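So this block is final12.txt, compact mmCIF, C-alpha atoms:
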```
# COMPACT_ATOMS: atom_id res chain seq x y z
CA MET A 70 44.31 -155.05 -44.21
CA GLN A 71 47.49 -156.98 -44.94
CA SER A 72 46.58 -160.10 -46.85
CA GLU A 73 47.72 -163.31 -45.29
CA THR A 74 50.86 -165.01 -46.51
CA LYS A 75 50.51 -168.73 -46.97
CA SER A 76 53.44 -171.07 -47.07
CA HIS A 77 54.02 -174.80 -47.08
CA VAL A 78 56.94 -177.15 -47.57
CA GLU A 79 57.28 -179.91 -50.11
CA GLN A 80 60.10 -182.42 -50.07
CA THR A 81 61.79 -183.56 -53.25
CA ALA A 82 65.24 -184.72 -54.38
CA SER A 83 68.00 -183.04 -56.35
CA PRO A 84 69.33 -184.57 -59.58
CA ALA A 85 72.11 -186.05 -57.41
CA GLY A 86 69.54 -187.61 -55.10
CA GLN A 87 69.98 -185.25 -52.16
CA PRO A 88 66.87 -184.16 -50.24
CA VAL A 89 65.54 -180.72 -51.16
CA SER A 90 62.98 -178.72 -49.19
CA VAL A 91 60.82 -176.43 -51.32
CA ILE A 92 59.12 -173.63 -49.39
CA ARG A 93 56.19 -172.40 -51.47
CA PHE A 94 54.83 -168.94 -50.70
CA GLU A 95 51.47 -167.56 -51.69
CA GLY A 96 50.03 -164.03 -51.29
CA ASP A 97 51.95 -160.95 -50.19
CA ILE A 98 55.31 -160.94 -48.42
CA SER A 99 55.44 -157.97 -46.07
CA SER A 100 55.99 -157.06 -42.42
CA THR A 101 53.22 -159.43 -41.33
CA SER A 102 54.80 -162.45 -43.04
CA LYS A 103 57.34 -163.34 -40.35
CA GLU A 104 55.68 -166.62 -39.37
CA ALA A 105 55.09 -167.66 -42.98
CA VAL A 106 58.69 -166.91 -43.98
CA LEU A 107 60.91 -167.40 -40.94
CA GLY A 108 58.55 -169.67 -38.99
CA THR A 109 58.21 -172.10 -41.88
CA TYR A 110 61.95 -172.06 -42.54
CA GLN A 111 62.85 -172.51 -38.86
CA ALA A 112 60.54 -175.54 -38.60
CA LEU A 113 62.73 -177.45 -41.07
CA PRO A 114 65.08 -179.91 -39.33
CA LYS A 115 68.50 -178.26 -39.51
CA ALA A 116 70.46 -181.50 -39.33
CA THR A 117 68.96 -182.96 -42.49
CA THR A 118 67.98 -179.85 -44.49
CA LYS A 119 70.90 -178.73 -46.60
CA LEU A 120 69.23 -177.67 -49.84
CA ILE A 121 66.31 -175.22 -49.88
CA LEU A 122 64.31 -173.75 -52.74
CA LEU A 123 62.07 -170.71 -52.23
CA ASP A 124 59.07 -170.69 -54.58
CA PHE A 125 57.69 -167.18 -55.30
CA THR A 126 55.53 -168.24 -58.25
CA LYS A 127 52.28 -167.31 -56.45
CA VAL A 128 53.58 -164.11 -54.81
CA ASP A 129 52.29 -160.85 -56.26
CA TYR A 130 53.62 -158.25 -53.83
CA ILE A 131 56.86 -158.06 -51.87
CA ASN A 132 57.80 -154.89 -50.01
CA SER A 133 61.05 -153.90 -48.31
CA SER A 134 59.93 -155.45 -45.01
CA GLY A 135 59.28 -158.71 -46.85
CA ILE A 136 62.70 -158.55 -48.49
CA ALA A 137 64.19 -158.04 -45.01
CA LEU A 138 62.54 -161.30 -43.89
CA ILE A 139 64.08 -163.13 -46.87
CA ILE A 140 67.48 -161.68 -45.91
CA GLN A 141 66.99 -162.88 -42.33
CA LEU A 142 66.23 -166.36 -43.69
CA LEU A 143 69.41 -166.24 -45.78
CA ILE A 144 71.46 -165.15 -42.75
CA GLU A 145 70.21 -168.17 -40.76
CA ALA A 146 70.75 -170.50 -43.72
CA LYS A 147 74.30 -169.26 -44.17
CA THR A 148 75.04 -169.81 -40.50
CA THR A 149 73.59 -173.31 -40.74
CA GLY A 150 75.50 -174.16 -43.91
CA GLN A 151 72.42 -174.53 -46.09
CA LYS A 152 72.25 -173.66 -49.78
CA VAL A 153 69.24 -171.54 -50.79
CA LEU A 154 67.99 -170.88 -54.32
CA ALA A 155 64.84 -169.03 -55.35
CA PHE A 156 62.56 -169.26 -58.35
CA GLY A 157 59.32 -167.90 -59.74
CA LEU A 158 59.91 -164.20 -59.11
CA SER A 159 58.42 -161.78 -61.62
CA PRO A 160 60.93 -159.87 -63.78
CA HIS A 161 60.33 -156.78 -61.61
CA PHE A 162 61.19 -158.56 -58.38
CA VAL A 163 64.19 -160.23 -60.00
CA LYS A 164 65.36 -156.67 -60.67
CA VAL A 165 64.60 -155.55 -57.10
CA PHE A 166 66.32 -158.58 -55.52
CA THR A 167 69.32 -157.94 -57.76
CA MET A 168 69.39 -154.24 -56.78
CA VAL A 169 69.60 -155.04 -53.09
CA GLY A 170 72.24 -157.72 -53.63
CA ILE A 171 70.31 -160.84 -52.66
CA THR A 172 71.60 -162.62 -55.76
CA LYS A 173 75.02 -162.77 -54.12
CA TYR A 174 73.62 -165.15 -51.51
CA ALA A 175 70.72 -166.86 -53.30
CA GLY A 176 70.64 -167.72 -56.99
CA LEU A 177 67.45 -166.71 -58.79
CA PHE A 178 65.90 -168.95 -61.43
CA PRO A 179 62.81 -168.67 -63.63
CA ASN A 180 61.30 -171.97 -62.51
CA GLN A 181 61.78 -175.00 -60.28
CA ALA A 182 63.30 -177.19 -62.99
CA GLU A 183 66.10 -174.70 -63.66
CA ALA A 184 66.70 -174.18 -59.94
CA MET A 185 66.87 -177.94 -59.38
CA ALA A 186 69.35 -178.30 -62.23
CA ALA A 187 71.63 -175.77 -60.50
CA LEU A 188 71.79 -177.71 -57.23
CA MET B 588 53.11 -130.70 -63.81
CA SER B 589 51.64 -127.40 -64.99
CA ASN B 590 50.66 -129.03 -68.25
CA PRO B 591 46.98 -128.27 -68.88
CA LYS B 592 46.52 -131.84 -70.03
CA SER B 593 47.52 -133.16 -66.61
CA ARG B 594 45.03 -135.17 -64.61
CA THR B 595 45.15 -135.38 -60.83
CA VAL B 596 43.80 -138.00 -58.43
CA GLU B 597 43.89 -137.48 -54.67
CA ILE B 598 43.27 -140.07 -52.00
CA ARG B 599 43.62 -140.23 -48.22
CA LEU B 600 44.68 -143.39 -46.48
CA PRO B 601 44.63 -144.43 -42.83
CA SER B 602 48.04 -144.90 -41.21
CA VAL B 603 47.68 -148.65 -41.24
CA MET B 604 50.09 -151.06 -42.91
CA GLY B 605 48.54 -152.64 -45.95
CA TYR B 606 46.71 -149.53 -47.14
CA GLU B 607 49.78 -148.66 -49.20
CA LYS B 608 48.38 -151.17 -51.68
CA VAL B 609 45.41 -148.87 -52.31
CA ALA B 610 47.76 -146.07 -53.37
CA MET B 611 49.85 -148.53 -55.35
CA SER B 612 46.84 -149.81 -57.28
CA THR B 613 45.53 -146.30 -57.92
CA ALA B 614 48.87 -145.10 -59.26
CA ALA B 615 49.18 -148.20 -61.41
CA SER B 616 45.69 -147.72 -62.85
CA LEU B 617 46.44 -144.10 -63.74
CA ALA B 618 49.78 -145.02 -65.30
CA LYS B 619 48.10 -147.73 -67.34
CA LEU B 620 45.47 -145.26 -68.55
CA ARG B 621 48.29 -142.97 -69.70
CA GLY B 622 49.99 -145.75 -71.63
CA PHE B 623 52.97 -146.46 -69.40
CA PRO B 624 54.65 -149.78 -70.20
CA GLU B 625 54.33 -152.65 -67.75
CA ASP B 626 57.91 -152.49 -66.45
CA ARG B 627 57.56 -148.78 -65.58
CA ILE B 628 54.24 -149.45 -63.87
CA GLU B 629 55.90 -152.13 -61.73
CA ASP B 630 58.66 -149.66 -60.78
CA LEU B 631 56.01 -147.09 -59.88
CA LYS B 632 54.03 -149.57 -57.77
CA THR B 633 57.02 -150.48 -55.62
CA ALA B 634 58.12 -146.84 -55.24
CA VAL B 635 54.64 -145.66 -54.25
CA ALA B 636 54.18 -148.56 -51.83
CA GLU B 637 57.52 -147.85 -50.14
CA ALA B 638 56.77 -144.11 -49.92
CA CYS B 639 53.43 -144.85 -48.24
CA ILE B 640 55.01 -147.38 -45.86
CA ASN B 641 57.57 -144.75 -44.81
CA ALA B 642 54.80 -142.20 -44.31
CA ILE B 643 52.74 -144.62 -42.21
CA GLU B 644 55.65 -145.99 -40.17
CA HIS B 645 58.07 -143.07 -39.81
CA GLY B 646 55.98 -140.00 -40.68
CA ASN B 647 52.76 -140.73 -38.81
CA ARG B 648 54.38 -143.31 -36.51
CA MET B 649 51.51 -145.75 -37.06
CA ASN B 650 49.07 -143.33 -35.43
CA GLU B 651 45.73 -144.48 -36.79
CA LYS B 652 44.19 -141.09 -35.99
CA LEU B 653 46.39 -139.57 -38.68
CA SER B 654 46.00 -140.15 -42.39
CA ILE B 655 48.40 -139.85 -45.29
CA GLY B 656 47.61 -137.97 -48.46
CA VAL B 657 48.52 -139.27 -51.89
CA VAL B 658 48.30 -136.92 -54.88
CA ILE B 659 48.93 -138.46 -58.28
CA SER B 660 49.23 -136.14 -61.27
CA ALA B 661 49.59 -137.49 -64.77
CA GLY B 662 51.06 -135.43 -67.57
CA ASP B 663 51.60 -136.42 -71.18
CA ASP B 664 54.83 -138.27 -70.58
CA GLU B 665 55.35 -138.36 -66.84
CA LEU B 666 53.55 -139.10 -63.65
CA GLU B 667 54.15 -137.32 -60.35
CA VAL B 668 53.21 -138.75 -56.96
CA LYS B 669 53.29 -136.85 -53.68
CA VAL B 670 52.89 -138.79 -50.44
CA ILE B 671 52.17 -136.45 -47.54
CA ASP B 672 52.29 -137.24 -43.83
CA ASP B 673 52.33 -135.41 -40.49
CA GLY B 674 55.94 -136.18 -39.68
CA LYS B 675 58.99 -133.95 -39.60
CA GLY B 676 60.32 -135.28 -42.89
CA MET B 677 63.38 -137.28 -43.86
CA ASN B 678 66.51 -135.19 -43.46
CA LYS B 679 68.93 -137.49 -45.23
CA GLN B 680 68.94 -139.82 -48.17
CA MET B 681 69.45 -143.50 -47.61
CA ALA B 682 72.70 -145.04 -48.80
CA LYS B 683 72.66 -148.11 -50.97
CA PRO B 684 72.09 -151.17 -48.78
CA ASP B 685 75.18 -153.31 -48.23
CA ILE B 686 74.11 -156.93 -48.48
CA ASP B 687 77.41 -158.18 -47.06
CA LYS B 688 76.96 -156.04 -43.94
CA LYS B 689 73.38 -157.21 -43.61
CA MET B 690 74.42 -160.85 -43.95
CA HIS B 691 77.10 -160.38 -41.27
CA GLY B 692 74.77 -158.61 -38.86
CA GLU B 693 76.54 -155.27 -39.25
CA GLU B 694 73.53 -153.55 -40.85
CA ASP B 695 69.80 -153.88 -40.17
CA PRO B 696 68.18 -156.23 -42.72
CA ARG B 697 65.47 -153.58 -43.04
CA GLY B 698 65.89 -149.99 -44.23
CA MET B 699 65.74 -150.43 -48.00
CA GLY B 700 62.62 -148.42 -48.76
CA MET B 701 64.25 -145.09 -49.60
CA PHE B 702 66.93 -146.80 -51.64
CA LEU B 703 64.32 -148.64 -53.70
CA ILE B 704 62.36 -145.43 -54.29
CA GLN B 705 65.46 -143.62 -55.53
CA ALA B 706 66.52 -146.54 -57.70
CA LEU B 707 63.15 -147.11 -59.36
CA VAL B 708 61.90 -143.62 -60.24
CA ASP B 709 63.43 -140.80 -62.29
CA GLU B 710 63.19 -138.16 -59.56
CA ALA B 711 62.70 -138.44 -55.81
CA GLU B 712 62.84 -135.66 -53.25
CA TRP B 713 61.95 -135.52 -49.58
CA VAL B 714 60.58 -132.20 -48.39
CA ALA B 715 60.19 -131.32 -44.70
CA GLY B 716 56.98 -129.50 -43.93
CA THR B 717 56.80 -126.20 -42.11
CA ASN B 718 56.20 -126.45 -38.35
CA GLY B 719 57.28 -130.09 -38.53
CA LYS B 720 54.10 -131.19 -40.28
CA SER B 721 52.87 -131.96 -43.79
CA SER B 722 56.16 -133.35 -44.98
CA TYR B 723 56.12 -135.14 -48.26
CA VAL B 724 58.05 -137.23 -50.71
CA ARG B 725 57.67 -136.33 -54.36
CA LEU B 726 58.30 -138.94 -57.03
CA VAL B 727 58.39 -138.52 -60.77
CA ILE B 728 58.41 -141.39 -63.21
CA ARG B 729 58.66 -140.83 -66.95
CA LEU B 730 57.01 -142.74 -69.72
CA ASP B 731 60.24 -143.18 -71.62
CA LYS B 732 63.17 -143.44 -69.24
CA GLU B 733 65.64 -143.37 -72.12
CA ALA B 734 64.34 -139.99 -73.29
CA GLU B 735 65.85 -138.11 -70.32
```
Mind turning the file's structure into structure tokens?
Amino acid sequence: MQSETKSHVEQTASPAGQPVSVIRFEGDISSTSKEAVLGTYQALPKATTKLILLDFTKVDYINSSGIALIIQLLIEAKTTGQKVLAFGLSPHFVKVFTMVGITKYAGLFPNQAEAMAAL
Amino acid sequence: MSNPKSRTVEIRLPSVMGYEKVAMSTAASLAKLRGFPEDRIEDLKTAVAEACINAIEHGNRMNEKLSIGVVISAGDDELEVKVIDDGKGMNKQMAKPDIDKKMHGEEDPRGMGMFLIQALVDEAEWVAGTNGKSSYVRLVIRLDKEAE
């Protein structure tokens, strides 16, 4: 019943020329999204990945289990010394992410251009 | 919800993750019919989904032989949702999640469902059923939150 979460990584560069990995999600983010969220993140080379953007533009539904996966990603990123920003969340999920405190560890931006400008 | 103008929709869902979206969509459709604004509908969708997930996971313990009941009643200016399961009910309310504790491994990254429900609707109560069955969570969301 759970719809599949798709994710893929695109590489780009920050305004300062540093490499940036953009993880783009599509579909729902829920308890069945572990591989799409954590698996995709963990496949990034830790030694060279220091800046990460999470793209939620094509995500319609995120439940508390999905938010927990994002928090687990942020825990690993913090341990690894990576900076994570997110963009493309709907106004409702910006509110939800703010309620649970995620904004303290990952800045939220309306779109990729504004997230890139904040790197 | 004794208003004679109220309208009630009842559905039963299998205790399978993902079916919460059926309840979510039904509640959203009813709220839209009653003229609720988009931001309140989004609040309702998340609260209903989390209530159903709790019922499936904690109430019915993912037992696919059990179903959950969802009763949605729409009045003139509010919408009430009851999500009923065969569990013993929640006997305490969830504290606000502490993101710092979660980030430092001192708190489970999960466990935000009840907090989100309480934060997003105008009323939320958890009622334990008699004989340890038919427990339910009752949510109320109002058309105009500022009018409380």
At most 10 Å to chain A: residues in chain B, all atoms listed in the file, as a PyMOL selection string: chain B and resi 603-608+625-630+632-634+636-637+640+683-687+689-692+695-703+706-707
Nearest residue to Arg599 of chain B from the set B:Gly622, B:Gly646, B:Gly719, B:Gly656 (distances using all atoms listed in the file): B:Gly656
Shell around Leu726 of chain B at 10 Å using only C-alpha atoms, local window under 4 positions removed, as a count of residues only: 19
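Nearest-residue note for Tyr723 of chain B: choosing from B:Ile643, B:Ile671, B:Val609, B:Leu653, the minimum distance belongs to B:Ile671, counting all atoms listed in the file.
Counting all atoms listed in the file and comparing A:Ala175, A:Ala146, A:Leu107, A:Leu120, the residue that lies closest to Gly86 of chain A is A:Leu120.
Between atom CA of Thr149 of chain A and atom CA of Val128 of chain A lies a distance of 26.1 Å.
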Which of A:Pro84, A:Gly157, A:Val106, A:Val78 sits closest to Leu188 of chain A [using only C-alpha atoms]: A:Pro84
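Here atom CA of Asp129 of chain A stands at a distance of 10.7 Å from atom CA of Thr74 of chain A.
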Point-to-point distance in Å for atom CA of Val657 of chain B and atom CA of Thr717 of chain B: 18.3 Å
Near-Ser83 of chain A list (7 Å; only C-alpha atoms; drop same-chain fewer than 4 positions) as JSON, numbers by chain: {"A": [87, 88, 89, 185, 188]}
Near-Asn647 of chain B list (6 Å; all atoms listed in the file; drop same-chain fewer than 3 positions) as a ChimeraX atom specification: /B:643,650,673-674
Could you list, as a tab-separated table (two decimals) with C-alpha atoms, keeping the file's coordinate frame, every residue within 10 Å of Asp731 of chain B, counting only C-alpha atoms and ignoring same-chain residues fewer than 6 positions away?
```tsv
chain	number	residue	atom	x	y	z
B	623	PHE	CA	52.97	-146.46	-69.40
B	624	PRO	CA	54.65	-149.78	-70.20
B	627	ARG	CA	57.56	-148.78	-65.58
B	664	ASP	CA	54.83	-138.27	-70.58
B	665	GLU	CA	55.35	-138.36	-66.84
```
Nearest-residue call for Leu123 of chain A, choices A:Ser90, A:Thr167, A:Ser102, A:Gln111, using only C-alpha atoms: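 Comparing A:Ser90, A:Thr167, A:Ser102, A:Gln111 against Leu123 of chain A, the winner is A:Ser90.
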Closest of B:Arg621, B:Arg594, B:Lys720, B:Arg729 to Ile655 of chain B - atom-to-atom distances counting all atoms listed in the file: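 Using all atoms listed in the file, the shortest distance to Ile655 of chain B belongs to B:Lys720.
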